[in-house]
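A short worksheet on the structure shown next.
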Amino acid sequence: MKVSSNKITDVYAHYLAQLSVKWSSQESTGILKQFFHHFLQIPPHQLVHNFEKRISESQLLLIHFAVKDLMSNKPIQYILGVTSFLDLELHINENALIPRPETEELVSKIIHQFANHHPQRILDIGTGSGCIALALKSKFPESEVWAVDFSSSAIELAQKNADALQLKVNFLILDILDSNSTEDLPEKFDLIVSNPPYVLPSEKPLMQANVLDYEPHAALFVPENDPLLFYRKIAQRANASLTEGGHLWFEINENQSPAMQEMLQPWFQFTEVIHDFRDRIRFTHSIK
Ligand SMILES: C[S@@+](CC[C@H](N)C(=O)[O-])C[C@H]1O[C@@H](n2cnc3c(N)ncnc32)[C@H](O)[C@@H]1O
């Protein structure tokens, strides 16, 4: 069915009906208001006042494809091209994982831990959109922050976020699984943090279609036969490059917690596992 006219009231009614097939009427209204705001710069509280106005064909197409993408499970963050992380607004695209609330919690715990003695040098491994590195830099402006990812398109996005936020982070393309690729990093860090890929392929049936179909699999999955692959490589590196008393923080798969502790304990003088807001084991914190 076609939209009956380009009048906002008709466009609104048409796409509200489409969205309501999948979402509640309240959710559909919220989504549509976000689209009108983002694509046509009409703030939610102004929408009703603009009902009699007409929009152009190209404006109509923007709304049309946004609704179509959403109906086919594309995450709204990828459709809008923006997401939030703590108090930062970030650009996001399909080259990087959409930052999760658990990762916000990880960063918030680190910020709390370092409230009185900011780390001098920080390394974020598997930076994706740059969310962790940028949030830490915004809270610890004097810290020197480094962030690496093996995906050049993720690094490009992270750099775009840094530029937009005017935060200086040193982004590098680096494959953490390749032990030779360390050349451009400083020798020592006071804090290393990582949210590496940690989902097992056998856990796919538990995942939502919008994650599986749209988010980069290289950001999600670890080989079934070696769930700690990234953690082991990163812990090895951290063991060599953390200052004495330096901190290593991980976001982890709750099912791997005993194995993680066993792996970390011989290398660090202290290791604790920490629950997230859903009361699932989600983080480890080790001290060198
Ligand atoms: C779970 S995502 C985390 C992204 C971001 N830090 C966050 O918390 O939203 C894991 C990241 O690790 C990166 N990655 C995967 N394999 C890698 C490798 N071998 N070396 C470096 N980074 C890698 C992916 O590109 C992805 O950006």
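Residues are named by chain letter and number: chains run A, B, ... in the order of the structure tokens, numbers start at 1 in each chain, and ligands are numbered from 1 in the order shown.
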
Which residues are near ligand 1 in this structure, taking near to mean any atom at most 9 Å from a ligand atom and counting only C-alpha atoms and all ligand atoms? Format them as a ChimeraX atom specification. /A:95-100,102-104,124-133,148-155,173-178,193-199,216-222,230,251

Skipping near chain neighbours, those fewer than 3 positions away, what residues fall within 12 Å of Phe65 in chain A using only C-alpha atoms, listed as a PyMOL selection string? chain A and resi 15+35+39+58-62+68-72+74+76+79-80

Dump of N, CA and C atoms for the selected residues, as an mmCIF file, in the first residue's frame:
```
data_model
loop_
_atom_site.group_PDB
_atom_site.id
_atom_site.type_symbol
_atom_site.label_atom_id
_atom_site.label_comp_id
_atom_site.auth_asym_id
_atom_site.auth_seq_id
_atom_site.Cartn_x
_atom_site.Cartn_y
_atom_site.Cartn_z
ATOM 1 N N TYR A 15 3.062 4.835 8.366
ATOM 2 C CA TYR A 15 4.178 4.058 8.920
ATOM 3 C C TYR A 15 3.907 3.594 10.351
ATOM 4 N N PHE A 35 12.542 8.879 14.172
ATOM 5 C CA PHE A 35 12.878 8.985 12.745
ATOM 6 C C PHE A 35 12.587 10.390 12.213
ATOM 7 N N PHE A 39 15.796 12.285 10.837
ATOM 8 C CA PHE A 39 15.921 12.466 9.388
ATOM 9 C C PHE A 39 15.342 13.797 8.894
ATOM 10 N N SER A 58 12.162 12.918 -1.380
ATOM 11 C CA SER A 58 13.389 12.342 -0.813
ATOM 12 C C SER A 58 13.269 12.219 0.715
ATOM 13 N N GLN A 59 12.570 13.148 1.341
ATOM 14 C CA GLN A 59 12.366 13.034 2.800
ATOM 15 C C GLN A 59 11.486 11.816 3.112
ATOM 16 N N LEU A 60 10.486 11.625 2.271
ATOM 17 C CA LEU A 60 9.590 10.482 2.454
ATOM 18 C C LEU A 60 10.387 9.171 2.332
ATOM 19 N N LEU A 61 11.307 9.166 1.366
ATOM 20 C CA LEU A 61 12.099 7.944 1.168
ATOM 21 C C LEU A 61 12.979 7.632 2.386
ATOM 22 N N LEU A 62 13.489 8.694 3.028
ATOM 23 C CA LEU A 62 14.315 8.469 4.223
ATOM 24 C C LEU A 62 13.505 7.737 5.300
ATOM 25 N N LYS A 68 11.534 0.325 6.744
ATOM 26 C CA LYS A 68 11.766 -0.965 6.080
ATOM 27 C C LYS A 68 12.946 -1.704 6.751
ATOM 28 N N ASP A 69 14.028 -0.977 6.981
ATOM 29 C CA ASP A 69 15.198 -1.593 7.622
ATOM 30 C C ASP A 69 14.846 -2.110 9.018
ATOM 31 N N LEU A 70 14.105 -1.307 9.736
ATOM 32 C CA LEU A 70 13.750 -1.723 11.101
ATOM 33 C C LEU A 70 12.871 -2.973 11.070
ATOM 34 N N MET A 71 11.942 -3.010 10.113
ATOM 35 C CA MET A 71 11.050 -4.177 9.997
ATOM 36 C C MET A 71 11.857 -5.434 9.658
ATOM 37 N N SER A 72 13.029 -5.235 8.982
ATOM 38 C CA SER A 72 13.820 -6.433 8.681
ATOM 39 C C SER A 72 14.939 -6.617 9.716
ATOM 40 N N LYS A 74 17.019 -4.670 11.323
ATOM 41 C CA LYS A 74 18.254 -3.886 11.450
ATOM 42 C C LYS A 74 18.192 -3.098 12.765
ATOM 43 N N ILE A 76 18.228 -0.269 15.423
ATOM 44 C CA ILE A 76 17.914 1.152 15.221
ATOM 45 C C ILE A 76 19.178 2.018 15.270
ATOM 46 N N ILE A 79 20.563 2.158 11.905
ATOM 47 C CA ILE A 79 19.713 2.949 11.003
ATOM 48 C C ILE A 79 19.965 4.448 11.228
ATOM 49 N N LEU A 80 20.033 4.827 12.495
ATOM 50 C CA LEU A 80 20.231 6.249 12.813
ATOM 51 C C LEU A 80 21.705 6.648 12.655
#
```

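The coordinates place CA of Leu191 in chain A at 8.4 Å from CA of Thr243 in chain A.
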
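CA of Phe268 in chain A to CA of Lys233 in chain A spans 14.5 Å [interatomic distance, one decimal].
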
Applying 10 Å and only C-alpha atoms, which residues near Gly30 in chain A remain after dropping the ones on its own chain fewer than 5 positions away? List them as a VMD selection string. chain A and resid 16 24 to 25 35 44

Kindly indicate which residue among A:Pro186, A:Pro266, A:Pro205, A:Gly246 lies nearest to Pro119 in chain A, using only C-alpha atoms for the distances.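 Smallest distance to Pro119 in chain A is found for A:Gly246.
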
Strand (DSSP E or B) positions in range 53-263 of chain A, given as number ranges by chain: A: 54, 82-85, 88-91, 121-125, 144-149, 170-173, 189-194, 199, 221, 242-251

As JSON, numbers by chain, please: every residue in range 46-268 of chain A that a backbone DSSP assignment puts in helix (DSSP H, G or I). {"A": [46, 48, 49, 50, 57, 58, 59, 60, 61, 62, 63, 64, 65, 66, 67, 68, 69, 70, 71, 76, 77, 78, 79, 80, 101, 102, 103, 104, 105, 106, 107, 108, 109, 110, 111, 112, 113, 131, 132, 133, 134, 135, 136, 137, 138, 139, 152, 153, 154, 155, 156, 157, 158, 159, 160, 161, 162, 163, 164, 165, 201, 202, 203, 204, 205, 206, 209, 210, 211, 212, 213, 214, 217, 218, 219, 220, 229, 230, 231, 232, 233, 234, 235, 236, 237, 238, 239, 240, 241, 254, 255, 256, 257, 258, 259, 260, 261, 262, 263, 264]}

Hey, can you check how far CA of Asn73 in chain A sits from CA of Leu165 in chain A?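 That distance, rounded to one decimal, is 29.4 Å.
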
Can you pull out every residue within 8 Å of range 278-288 of chain A, counting only C-alpha atoms, but drop anything in the same chain fewer than 5 positions away, and send it as a ChimeraX atom specification? /A:102,106,239,242-254,257,264,267-273

When you look at range 8-14 of chain A with a cut-off of 7 Å (counting only C-alpha atoms), what residues show up, excluding the ones that are within fewer than 2 positions of it in the same chain? I need them as an MDAnalysis selection string. chainID A and resid 3:6 16:18 50:55
